[in-house]
$ cat work26.cif   # mmCIF, C-alpha atoms
data_work
#
loop_
_atom_site.label_atom_id
_atom_site.label_comp_id
_atom_site.auth_asym_id
_atom_site.auth_seq_id
_atom_site.Cartn_x
_atom_site.Cartn_y
_atom_site.Cartn_z
CA MET A 1 -11.25 -7.86 24.14
CA ARG A 2 -12.90 -6.93 20.85
CA VAL A 3 -11.02 -5.09 18.09
CA LEU A 4 -12.50 -3.55 14.93
CA LEU A 5 -10.06 -3.08 12.04
CA ALA A 6 -11.28 -0.66 9.33
CA GLY A 7 -9.66 -0.84 5.92
CA GLY A 8 -10.25 -2.17 2.45
CA GLY A 9 -10.19 -1.62 -1.27
CA THR A 10 -6.84 -2.98 -2.44
CA ALA A 11 -4.08 -5.13 -0.97
CA GLY A 12 -2.42 -1.91 0.21
CA HIS A 13 -5.03 -1.74 2.98
CA THR A 14 -6.10 -5.36 3.39
CA SER A 15 -2.63 -6.93 3.71
CA PRO A 16 -1.52 -4.84 6.73
CA LEU A 17 -5.00 -5.23 8.24
CA ILE A 18 -4.78 -9.03 8.11
CA ALA A 19 -1.17 -8.99 9.30
CA THR A 20 -2.23 -6.93 12.33
CA ALA A 21 -5.17 -9.24 13.02
CA ASP A 22 -2.89 -12.27 12.96
CA ALA A 23 -0.40 -10.56 15.29
CA LEU A 24 -3.17 -9.66 17.73
CA ARG A 25 -4.28 -13.28 17.89
CA ARG A 26 -0.68 -14.45 18.44
CA LEU A 27 -0.17 -11.99 21.29
CA ASP A 28 -3.57 -12.65 22.88
CA PRO A 29 -5.60 -15.58 21.53
CA SER A 30 -8.69 -14.34 23.38
CA VAL A 31 -8.91 -11.19 21.23
CA GLU A 32 -11.95 -11.09 18.95
CA VAL A 33 -11.13 -9.36 15.64
CA THR A 34 -13.70 -8.02 13.19
CA ALA A 35 -12.87 -6.23 9.93
CA LEU A 36 -14.85 -3.33 8.51
CA GLY A 37 -14.92 -2.89 4.74
CA THR A 38 -17.09 -1.97 1.77
CA PRO A 39 -18.95 -4.25 -0.66
CA ARG A 40 -16.64 -3.57 -3.60
CA GLY A 41 -13.15 -4.09 -2.18
CA LEU A 42 -10.64 -6.94 -2.10
CA GLU A 43 -11.51 -7.45 1.57
CA ASN A 44 -14.64 -9.36 0.51
CA THR A 45 -12.35 -12.18 -0.61
CA VAL A 46 -9.21 -12.03 1.49
CA VAL A 47 -10.66 -11.25 4.93
CA PRO A 48 -13.00 -14.29 5.06
CA GLU A 49 -10.21 -16.44 3.60
CA ALA A 50 -8.00 -15.31 6.49
CA GLY A 51 -10.67 -16.45 8.94
CA TYR A 52 -12.02 -13.12 10.19
CA PRO A 53 -15.62 -11.85 10.18
CA LEU A 54 -16.28 -8.91 7.87
CA GLU A 55 -18.85 -6.13 8.32
CA LEU A 56 -19.72 -3.91 5.35
CA ILE A 57 -20.67 -0.24 5.07
CA PRO A 58 -21.21 1.96 1.98
CA PRO A 59 -18.01 3.47 0.51
CA VAL A 60 -17.56 7.23 0.66
CA PRO A 61 -15.17 8.16 -2.17
CA LEU A 62 -13.87 11.71 -2.11
CA PRO A 63 -13.58 13.31 -5.58
CA ARG A 64 -10.13 14.80 -6.18
CA LYS A 65 -11.61 17.73 -8.12
CA PRO A 66 -14.70 19.91 -7.64
CA SER A 67 -17.71 18.26 -9.25
CA ALA A 68 -21.39 17.57 -8.76
CA ASP A 69 -20.40 14.35 -7.04
CA LEU A 70 -18.63 16.36 -4.36
CA LEU A 71 -21.98 17.79 -3.24
CA ARG A 72 -23.20 14.27 -2.47
CA VAL A 73 -20.33 13.48 -0.09
CA PRO A 74 -21.88 14.90 3.14
CA GLY A 75 -25.05 12.84 2.73
CA ARG A 76 -23.09 9.71 1.87
CA LEU A 77 -20.81 10.23 4.84
CA ARG A 78 -23.74 10.63 7.24
CA ASP A 79 -25.26 7.41 5.94
CA ALA A 80 -21.95 5.55 6.24
CA VAL A 81 -21.43 6.80 9.81
CA ARG A 82 -24.95 5.64 10.71
CA LYS A 83 -24.23 2.20 9.26
CA THR A 84 -20.90 2.11 11.11
CA LEU A 85 -22.63 2.88 14.41
CA GLU A 86 -24.95 -0.05 13.72
CA VAL A 87 -21.86 -2.24 13.28
CA PHE A 88 -20.49 -0.91 16.58
CA ASP A 89 -23.75 -1.90 18.29
CA ARG A 90 -23.39 -5.47 16.98
CA VAL A 91 -19.64 -5.90 17.49
CA ARG A 92 -19.18 -3.70 20.61
CA PRO A 93 -15.48 -3.01 19.96
CA ASP A 94 -13.13 -1.95 22.74
CA VAL A 95 -10.81 -0.24 20.25
CA VAL A 96 -11.03 0.84 16.60
CA VAL A 97 -8.08 0.70 14.19
CA GLY A 98 -8.14 2.48 10.83
CA TYR A 99 -5.86 2.06 7.83
CA GLY A 100 -7.18 4.95 5.72
CA GLY A 101 -9.24 4.86 2.55
CA TYR A 102 -12.96 4.93 1.87
CA VAL A 103 -14.00 2.87 4.87
CA SER A 104 -11.93 4.59 7.54
CA MET A 105 -13.42 8.08 7.62
CA PRO A 106 -16.85 6.84 8.82
CA ALA A 107 -15.09 4.59 11.33
CA TYR A 108 -13.09 7.52 12.73
CA LEU A 109 -16.16 9.71 13.10
CA ALA A 110 -18.18 6.90 14.67
CA ALA A 111 -15.37 6.06 17.11
CA ARG A 112 -15.15 9.68 18.17
CA ARG A 113 -18.91 9.85 18.67
CA ARG A 114 -18.81 6.73 20.87
CA LYS A 115 -15.62 7.90 22.65
CA LEU A 116 -13.84 4.68 21.74
CA PRO A 117 -10.03 4.40 21.71
CA LEU A 118 -8.79 4.98 18.16
CA VAL A 119 -5.53 3.89 16.51
CA VAL A 120 -4.59 5.09 13.02
CA HIS A 121 -2.05 3.39 10.79
CA GLU A 122 -0.82 5.23 7.69
CA GLN A 123 0.76 3.03 5.04
CA ASN A 124 2.20 5.71 2.76
CA ALA A 125 4.89 8.32 3.27
CA VAL A 126 2.37 10.99 2.22
CA PRO A 127 -0.86 10.51 4.22
CA GLY A 128 -4.29 10.46 2.66
CA LEU A 129 -7.20 12.70 3.65
CA ALA A 130 -8.94 10.14 5.89
CA ASN A 131 -5.85 9.59 8.00
CA LYS A 132 -5.09 13.29 8.19
CA VAL A 133 -8.51 13.69 9.81
CA GLY A 134 -8.24 10.54 11.90
CA ALA A 135 -4.82 11.44 13.27
CA ARG A 136 -6.25 14.59 14.85
CA VAL A 137 -8.59 12.59 17.07
CA ALA A 138 -6.66 9.32 17.44
CA ASP A 139 -5.10 8.10 20.67
CA ARG A 140 -2.11 6.63 18.79
CA VAL A 141 -0.83 7.17 15.24
CA ALA A 142 1.49 4.60 13.66
CA VAL A 143 3.29 5.11 10.34
CA SER A 144 5.16 2.93 7.85
CA PHE A 145 7.86 5.41 6.87
CA PRO A 146 9.97 7.78 8.99
CA ASP A 147 9.10 11.48 8.84
CA THR A 148 5.50 10.89 7.72
CA PRO A 149 3.80 14.27 8.36
CA LEU A 150 1.10 13.31 10.88
CA PRO A 151 0.69 14.49 14.47
CA LYS A 152 1.77 11.99 17.15
CA ALA A 153 3.33 9.76 14.48
CA GLU A 154 5.18 6.68 15.76
CA PHE A 155 7.38 4.87 13.23
CA VAL A 156 6.57 1.16 13.41
CA GLY A 157 6.84 0.12 9.76
CA LEU A 158 4.25 -1.61 7.60
CA PRO A 159 2.69 -4.80 9.01
CA LEU A 160 3.69 -7.60 6.66
CA ARG A 161 2.20 -11.06 6.30
CA ARG A 162 4.29 -13.68 8.08
CA MET A 163 4.91 -15.52 4.81
CA ILE A 164 6.79 -12.37 3.74
CA SER A 165 8.39 -11.15 6.97
CA THR A 166 9.89 -14.58 7.75
CA LEU A 167 10.91 -15.38 4.17
CA ASP A 168 14.38 -16.80 3.46
CA ARG A 169 14.57 -16.22 -0.29
CA GLY A 170 17.73 -18.23 -0.81
CA ALA A 171 16.45 -21.30 1.03
CA LEU A 172 13.21 -21.29 -0.97
CA ARG A 173 14.61 -20.36 -4.40
CA ALA A 174 14.77 -23.80 -6.01
CA GLU A 175 11.30 -24.77 -4.78
CA ALA A 176 9.87 -21.42 -5.86
CA ARG A 177 11.27 -21.61 -9.40
CA ALA A 178 10.01 -25.16 -9.78
CA HIS A 179 6.58 -24.05 -8.56
CA PHE A 180 6.29 -21.50 -11.39
CA GLY A 181 7.97 -23.65 -14.04
CA LEU A 182 11.09 -21.49 -14.19
CA ASP A 183 14.67 -22.53 -14.90
CA VAL A 184 16.44 -23.00 -11.57
CA ASP A 185 19.67 -21.29 -12.68
CA ARG A 186 18.65 -18.33 -14.85
CA PRO A 187 18.53 -14.74 -13.57
CA THR A 188 14.87 -13.99 -12.92
CA LEU A 189 12.82 -10.81 -13.20
CA LEU A 190 9.54 -10.57 -11.30
CA VAL A 191 7.02 -8.06 -12.68
CA THR A 192 3.94 -7.06 -10.71
CA GLY A 193 1.62 -4.09 -10.70
CA GLY A 194 0.04 -4.96 -7.35
CA SER A 195 -3.27 -6.69 -6.71
CA GLN A 196 -4.95 -4.96 -9.69
CA GLY A 197 -2.09 -5.16 -12.18
CA ALA A 198 -0.64 -2.25 -14.16
CA LEU A 199 -1.28 -1.90 -17.89
CA HIS A 200 1.77 0.24 -18.71
CA LEU A 201 4.14 -2.09 -16.85
CA ASN A 202 2.57 -5.09 -18.55
CA GLU A 203 2.90 -3.62 -22.05
CA SER A 204 6.44 -2.31 -21.57
CA VAL A 205 7.91 -5.51 -20.17
CA SER A 206 6.18 -7.85 -22.60
CA ALA A 207 7.39 -5.71 -25.50
CA ALA A 208 10.94 -6.16 -24.20
CA ALA A 209 10.62 -9.95 -23.96
CA GLY A 210 13.01 -10.53 -26.86
CA ALA A 211 15.75 -8.41 -25.34
CA LEU A 212 15.29 -10.03 -21.94
CA ALA A 213 15.52 -13.50 -23.47
CA ALA A 214 18.62 -12.50 -25.43
CA GLY A 215 20.19 -11.49 -22.13
CA GLY A 216 19.28 -14.83 -20.59
CA VAL A 217 16.71 -13.28 -18.22
CA GLN A 218 13.56 -15.28 -17.51
CA VAL A 219 10.39 -13.50 -16.39
CA LEU A 220 7.66 -14.20 -13.87
CA HIS A 221 4.96 -11.69 -14.84
CA VAL A 222 1.92 -11.18 -12.59
CA VAL A 223 -0.36 -9.23 -14.91
CA GLY A 224 -3.38 -8.77 -12.61
CA PRO A 225 -6.86 -10.34 -12.68
CA LYS A 226 -7.82 -8.61 -15.94
CA GLY A 227 -4.38 -8.32 -17.48
CA ALA A 228 -2.98 -10.10 -20.52
CA VAL A 229 0.33 -9.99 -22.35
CA THR A 230 1.69 -11.65 -25.49
CA PRO A 231 5.48 -11.86 -25.16
CA ALA A 232 7.52 -13.01 -28.12
CA PRO A 233 8.14 -16.78 -27.85
CA SER A 234 11.64 -17.94 -27.02
CA ALA A 235 13.54 -20.75 -25.32
CA VAL A 236 13.86 -18.62 -22.16
CA PRO A 237 10.86 -18.97 -19.81
CA TYR A 238 8.37 -16.11 -19.66
CA VAL A 239 5.67 -17.19 -17.19
CA VAL A 240 2.43 -15.19 -17.04
CA GLU A 241 0.14 -15.35 -13.99
CA ASN A 242 -3.05 -13.37 -13.45
CA PHE A 243 -2.83 -13.61 -9.68
CA VAL A 244 -0.38 -15.14 -7.22
CA SER A 245 -1.54 -15.97 -3.71
CA ARG A 246 1.91 -17.22 -2.66
CA MET A 247 3.89 -14.01 -3.08
CA ASP A 248 6.57 -15.49 -0.84
CA LEU A 249 7.32 -17.94 -3.65
CA ALA A 250 7.28 -15.15 -6.24
CA TYR A 251 9.80 -13.11 -4.25
CA ALA A 252 11.95 -16.19 -3.60
CA ALA A 253 12.03 -17.03 -7.30
CA ALA A 254 13.21 -13.55 -8.27
CA ASP A 255 16.59 -11.84 -8.41
CA LEU A 256 15.00 -8.48 -9.27
CA VAL A 257 11.48 -7.04 -9.20
CA LEU A 258 9.94 -4.34 -11.39
CA CYS A 259 6.83 -2.95 -9.74
CA ARG A 260 4.82 0.07 -8.62
CA ALA A 261 5.82 1.82 -5.40
CA GLY A 262 2.82 1.34 -3.17
CA ALA A 263 3.68 0.92 0.50
CA SER A 264 3.25 -2.85 0.38
CA SER A 265 5.37 -3.27 -2.76
CA VAL A 266 8.19 -1.15 -1.33
CA SER A 267 8.12 -2.72 2.13
CA GLU A 268 7.82 -6.30 0.91
CA ALA A 269 10.60 -6.01 -1.67
CA ALA A 270 12.93 -4.18 0.68
CA GLY A 271 12.08 -6.32 3.69
CA THR A 272 12.92 -9.52 1.81
CA GLY A 273 16.14 -8.03 0.44
CA LEU A 274 14.91 -8.12 -3.16
CA PRO A 275 16.47 -5.44 -5.41
CA ALA A 276 13.80 -3.41 -7.14
CA ILE A 277 12.99 -1.11 -10.01
CA PHE A 278 10.18 1.10 -8.74
CA VAL A 279 7.84 2.81 -11.22
CA PRO A 280 5.59 5.11 -9.16
CA LEU A 281 1.97 5.41 -10.19
CA PRO A 282 1.65 8.84 -11.87
CA ILE A 283 -1.60 9.80 -10.09
CA GLY A 284 -2.63 10.55 -6.54
CA ASN A 285 -0.70 12.88 -4.26
CA GLY A 286 2.78 11.65 -5.18
CA GLU A 287 2.95 9.21 -2.29
CA GLN A 288 4.49 6.38 -4.31
CA GLU A 289 7.66 8.26 -5.17
CA HIS A 290 7.99 9.28 -1.50
CA ASN A 291 7.51 5.64 -0.47
CA ALA A 292 10.33 4.51 -2.71
CA ARG A 293 12.75 7.34 -2.02
CA PRO A 294 14.43 5.97 1.17
CA VAL A 295 15.19 2.64 -0.51
CA VAL A 296 16.43 4.33 -3.69
CA ASP A 297 18.60 6.77 -1.76
CA ALA A 298 20.12 3.88 0.21
CA GLY A 299 21.06 2.13 -3.04
CA GLY A 300 18.52 -0.66 -2.75
CA ALA A 301 16.46 0.18 -5.82
CA LEU A 302 16.20 2.17 -9.02
CA LEU A 303 13.44 4.75 -9.56
CA VAL A 304 11.95 5.21 -13.04
CA ASP A 305 9.29 7.72 -13.99
CA ASN A 306 6.22 6.09 -15.47
CA ALA A 307 6.58 8.11 -18.69
CA ALA A 308 10.22 7.05 -19.02
CA LEU A 309 9.52 3.33 -18.68
CA SER A 310 9.56 1.70 -22.11
CA ALA A 311 10.60 -1.50 -23.80
CA GLU A 312 13.76 0.30 -24.90
CA TRP A 313 14.61 1.37 -21.33
CA ILE A 314 14.04 -2.16 -20.06
CA ALA A 315 16.18 -3.65 -22.81
CA ALA A 316 19.01 -1.21 -22.07
CA THR A 317 18.91 -1.64 -18.29
CA VAL A 318 17.43 -4.86 -16.99
CA PRO A 319 19.53 -7.64 -18.63
CA ALA A 320 22.81 -6.15 -17.42
CA LEU A 321 21.47 -5.54 -13.91
CA ALA A 322 19.82 -8.96 -13.59
CA ASN A 323 23.12 -10.63 -14.55
CA ASP A 324 25.22 -8.57 -12.09
CA SER A 325 25.07 -10.72 -8.96
CA VAL A 326 27.50 -8.52 -7.01
CA ARG A 327 25.45 -5.37 -7.54
CA LEU A 328 22.20 -7.19 -6.80
CA ALA A 329 23.59 -8.50 -3.51
CA ALA A 330 24.64 -5.00 -2.46
CA MET A 331 21.25 -3.57 -3.41
CA GLY A 332 19.40 -6.27 -1.48
CA ALA A 333 21.46 -5.74 1.67
CA ALA A 334 20.94 -1.96 1.52
CA ALA A 335 17.19 -2.36 1.13
CA ALA A 336 16.75 -4.96 3.87
CA ALA A 337 18.41 -2.73 6.46
CA LEU A 338 15.60 -0.17 6.18
CA VAL A 339 12.43 -2.15 6.90
CA PRO A 340 11.27 -3.38 10.34
CA LEU A 341 10.05 -6.95 9.97
CA ASP A 342 8.13 -6.93 13.26
CA ALA A 343 5.79 -4.04 12.41
CA ASP A 344 2.77 -6.33 12.76
CA GLU A 345 3.53 -7.02 16.41
CA ARG A 346 4.58 -3.43 17.09
CA LEU A 347 1.21 -2.19 15.85
CA ALA A 348 -0.67 -4.99 17.63
CA ARG A 349 0.91 -3.98 20.94
CA ILE A 350 -0.13 -0.38 20.37
CA VAL A 351 -3.70 -1.56 19.75
CA LEU A 352 -3.74 -3.68 22.92
CA GLU A 353 -2.26 -0.86 24.98
CA SER A 354 -4.88 1.58 23.65
CA ALA A 355 -7.75 -0.76 24.45
CA ARG A 356 -6.55 -1.35 28.00
#
$ encode --input "work26.cif" --output "structure tokens"
Amino acid sequence: MRVLLAGGGTAGHTSPLIATADALRRLDPSVEVTALGTPRGLENTVVPEAGYPLELIPPVPLPRKPSADLLRVPGRLRDAVRKTLEVFDRVRPDVVVGYGGYVSMPAYLAARRRKLPLVVHEQNAVPGLANKVGARVADRVAVSFPDTPLPKAEFVGLPLRRMISTLDRGALRAEARAHFGLDVDRPTLLVTGGSQGALHLNESVSAAAGALAAGGVQVLHVVGPKGAVTPAPSAVPYVVENFVSRMDLAYAAADLVLCRAGASSVSEAAGTGLPAIFVPLPIGNGEQEHNARPVVDAGGALLVDNAALSAEWIAATVPALANDSVRLAAMGAAAAALVPLDADERLARIVLESAR
């Protein structure tokens, strides 16, 4: 059986794609998996590293506002569909799986033209345009969050990498803190803006470094590939990393995470029982706040508007929370109860059933 997985751009698409690919191979080692991406996405690095072949097609970005660029979309889409059909001729997939984004729309149209079984997975609580279109023609539609407004939606959760879904944070804590050069006993804040970093998060937290240190809180700050911060020096560790490949160790080291509210960030923090402060990205269609809302409403996280996040807010809120072990334990338990940790295999079974 041959499966084509279409998705790319950021870790929000590539992480569930790779998790699904791994689950497919566990369930049926004879399955041949190929990923479909674009030349400018994270998939160009992480998919080959995961051991899967990658085919590339031109991206077809959809402008959010009317512009001259919008007039070029039909021609770009036709070209991308043509290139996708060429990939189909080489790979000869039995089923196509799409995760949304720039690469999925051509894949959906090509799959419909070839009358191939199609499975759509939507990561966010508010679906994007590509998946709204794909869901209309798909055989099966899987979603990460309950009540996602797509036809035929089946709640399976977000496929997580096994290093995350099988993580025992407590058992790995001492090793994880030693790995990053952190004090084994101090309360620890993890800060991450996702695979690309987040400038406002970086600036706000680093500006609060003095207050965090005064509260005894050490920081593991993943600033992103192009990020940089200059926290005030102190005796309390403040570790800065541009990129962390072992996010299982980062989660295990932390007592609390401050991050955006992309589907992966929400599902990984909640699934590992890590209390969170979610700061939704203030652009897009509002999907990040919707992603975070179930965890926040259950008491597993705090929600802070991007404009309200500041060094002063962090200083007033984070040290007390990070030092409150009873509250953190309650938050972690509330969050963990919401996230299916077997979403990778649930989606993989849907893919196999659709192909057969």
$ closest_atom_pairs --input "work26.cif" --of "stretch 127-210 of chain A" --to "stretch 248-260 of chain A" --cutoff "6 Å" --atoms "all atoms listed in the file" --output "tab-separated table"
residue	atom	partner	partner_atom	distance
A:Met163	CA	A:Asp248	CA	5.9
A:Ile164	CA	A:Asp248	CA	5.5
A:Arg169	CA	A:Ala252	CA	4.2
A:Leu172	CA	A:Ala252	CA	5.9
A:Arg173	CA	A:Ala252	CA	5.0
A:Ala176	CA	A:Leu249	CA	4.8
A:Arg177	CA	A:Ala253	CA	5.1
A:Thr188	CA	A:Ala254	CA	5.0
A:Leu189	CA	A:Leu256	CA	5.1
A:Leu190	CA	A:Val257	CA	4.5
A:Val191	CA	A:Leu258	CA	4.9
A:Thr192	CA	A:Cys259	CA	5.1
A:Gly193	CA	A:Cys259	CA	5.4
$ resolve_selection --input "work26.cif" --expression "the PyMOL selection byres ((chain A and resi 210) around 10)" --output "PDB file with C-alpha atoms, in the frame of the given file"
ATOM      1  CA  VAL A 205       7.910  -5.510 -20.170  1.00  0.00           C
ATOM      2  CA  SER A 206       6.180  -7.850 -22.600  1.00  0.00           C
ATOM      3  CA  ALA A 207       7.390  -5.710 -25.500  1.00  0.00           C
ATOM      4  CA  ALA A 208      10.940  -6.160 -24.200  1.00  0.00           C
ATOM      5  CA  ALA A 209      10.620  -9.950 -23.960  1.00  0.00           C
ATOM      6  CA  ALA A 211      15.750  -8.410 -25.340  1.00  0.00           C
ATOM      7  CA  LEU A 212      15.290 -10.030 -21.940  1.00  0.00           C
ATOM      8  CA  ALA A 213      15.520 -13.500 -23.470  1.00  0.00           C
ATOM      9  CA  ALA A 214      18.620 -12.500 -25.430  1.00  0.00           C
ATOM     10  CA  GLY A 215      20.190 -11.490 -22.130  1.00  0.00           C
ATOM     11  CA  GLY A 216      19.280 -14.830 -20.590  1.00  0.00           C
ATOM     12  CA  VAL A 217      16.710 -13.280 -18.220  1.00  0.00           C
ATOM     13  CA  PRO A 231       5.480 -11.860 -25.160  1.00  0.00           C
ATOM     14  CA  ALA A 232       7.520 -13.010 -28.120  1.00  0.00           C
ATOM     15  CA  PRO A 233       8.140 -16.780 -27.850  1.00  0.00           C
ATOM     16  CA  SER A 234      11.640 -17.940 -27.020  1.00  0.00           C
ATOM     17  CA  VAL A 236      13.860 -18.620 -22.160  1.00  0.00           C
ATOM     18  CA  ALA A 311      10.600  -1.500 -23.800  1.00  0.00           C
ATOM     19  CA  ALA A 315      16.180  -3.650 -22.810  1.00  0.00           C
TER      20      ALA A 315
END
$ resolve_selection --input "work26.cif" --expression "the PyMOL selection byres ((chain A and resi 272) around 8)" --output "ChimeraX atom specification"
/A:164-165,167-169,251,268-271,273-274,332,336
$ atom_distance --input "work26.cif" --atom1 "atom CA of A:Gly300" --atom2 "atom CA of A:Asn202"
22.9 Å
$ resolve_selection --input "work26.cif" --expression "the PyMOL selection byres ((chain A and resi 8) around 8)" --output "NGL selection string"
:A and (6-7 or 9-11 or 13-14 or 36-38 or 41-43 or 101-103)
$ atom_distance --input "work26.cif" --atom1 "atom CA of A:Glu203" --atom2 "atom CA of A:Ala263"
23.0 Å
$ residues_around --input "work26.cif" --residues "A:Gly157" --least-positions-apart "2" --cutoff "7 Å" --atoms "only C-alpha atoms" --output "ChimeraX atom specification"
/A:143-145,155,159,339-340,343
$ write_last_selection --input "work26.cif" --atoms "C-alpha atoms" --output "short mmCIF file (atom, residue, chain, number, x, y, z; two decimals), in the frame of the given file"
data_model
loop_
_atom_site.label_atom_id
_atom_site.label_comp_id
_atom_site.auth_asym_id
_atom_site.auth_seq_id
_atom_site.Cartn_x
_atom_site.Cartn_y
_atom_site.Cartn_z
CA VAL A 143 3.29 5.11 10.34
CA SER A 144 5.16 2.93 7.85
CA PHE A 145 7.86 5.41 6.87
CA PHE A 155 7.38 4.87 13.23
CA PRO A 159 2.69 -4.80 9.01
CA VAL A 339 12.43 -2.15 6.90
CA PRO A 340 11.27 -3.38 10.34
CA ALA A 343 5.79 -4.04 12.41
#
$ atom_distance --input "work26.cif" --atom1 "atom CA of A:Arg82" --atom2 "atom CA of A:Ser104"
13.4 Å
$ residues_around --input "work26.cif" --residues "A:Val60" --least-positions-apart "2" --cutoff "8 Å" --atoms "all atoms listed in the file" --output "compact mmCIF listing (two decimals) with C-alpha atoms, keeping the file's coordinate frame"
# COMPACT_ATOMS: atom_id res chain seq x y z
CA PRO A 58 -21.21 1.96 1.98
CA LEU A 62 -13.87 11.71 -2.11
CA VAL A 73 -20.33 13.48 -0.09
CA ARG A 76 -23.09 9.71 1.87
CA LEU A 77 -20.81 10.23 4.84
CA ALA A 80 -21.95 5.55 6.24
CA TYR A 102 -12.96 4.93 1.87
CA VAL A 103 -14.00 2.87 4.87
$ closest_residue --input "work26.cif" --among "A:Ala125, A:Leu182, A:Val119, A:Ile350" --to "A:Pro149" --atoms "all atoms listed in the file"
A:Ala125
$ axis_aligned_box --input "work26.cif" --around "stretch 71-80 of chain A" --padding-each-side "5 Å" --output "lines of an AutoDock Vina configuration file"
center_x = -22.8
center_y = 11.7
center_z = 2.0
size_x = 14.9
size_y = 22.2
size_z = 20.5
$ decode --input "work26.cif" --residues "stretch 75-80 of chain A" --atoms "all heavy atoms" --output "compact mmCIF listing (two decimals), in the first residue's frame"
# COMPACT_ATOMS: atom_id res chain seq x y z
N GLY A 75 -3.92 30.73 -11.70
CA GLY A 75 -2.84 30.20 -12.52
C GLY A 75 -1.85 29.40 -11.69
O GLY A 75 -1.38 28.33 -12.12
N ARG A 76 -1.52 29.90 -10.51
CA ARG A 76 -0.61 29.18 -9.63
C ARG A 76 -1.20 27.85 -9.19
O ARG A 76 -0.50 26.84 -9.11
CB ARG A 76 -0.29 30.04 -8.41
CG ARG A 76 0.59 31.25 -8.70
CD ARG A 76 0.71 32.13 -7.48
NE ARG A 76 1.62 33.24 -7.69
CZ ARG A 76 1.72 34.28 -6.88
NH1 ARG A 76 0.94 34.34 -5.80
NH2 ARG A 76 2.58 35.25 -7.13
N LEU A 77 -2.50 27.86 -8.92
CA LEU A 77 -3.15 26.63 -8.47
C LEU A 77 -3.17 25.59 -9.59
O LEU A 77 -2.90 24.40 -9.35
CB LEU A 77 -4.56 26.94 -8.00
CG LEU A 77 -5.35 25.78 -7.38
CD1 LEU A 77 -4.59 25.19 -6.20
CD2 LEU A 77 -6.73 26.25 -6.94
N ARG A 78 -3.45 26.02 -10.82
CA ARG A 78 -3.43 25.08 -11.94
C ARG A 78 -2.06 24.45 -12.11
O ARG A 78 -1.92 23.24 -12.33
CB ARG A 78 -3.86 25.78 -13.23
CG ARG A 78 -5.34 26.04 -13.36
CD ARG A 78 -5.72 26.44 -14.77
NE ARG A 78 -5.07 27.70 -15.17
CZ ARG A 78 -5.61 28.90 -14.98
NH1 ARG A 78 -6.80 29.00 -14.38
NH2 ARG A 78 -4.99 29.99 -15.37
N ASP A 79 -1.02 25.28 -11.99
CA ASP A 79 0.34 24.77 -12.12
C ASP A 79 0.67 23.79 -11.01
O ASP A 79 1.28 22.73 -11.24
CB ASP A 79 1.33 25.93 -12.11
CG ASP A 79 2.77 25.47 -12.29
OD1 ASP A 79 3.06 24.79 -13.30
OD2 ASP A 79 3.60 25.78 -11.41
N ALA A 80 0.25 24.11 -9.77
CA ALA A 80 0.53 23.23 -8.64
C ALA A 80 -0.22 21.91 -8.77
O ALA A 80 0.31 20.84 -8.43
CB ALA A 80 0.16 23.93 -7.33
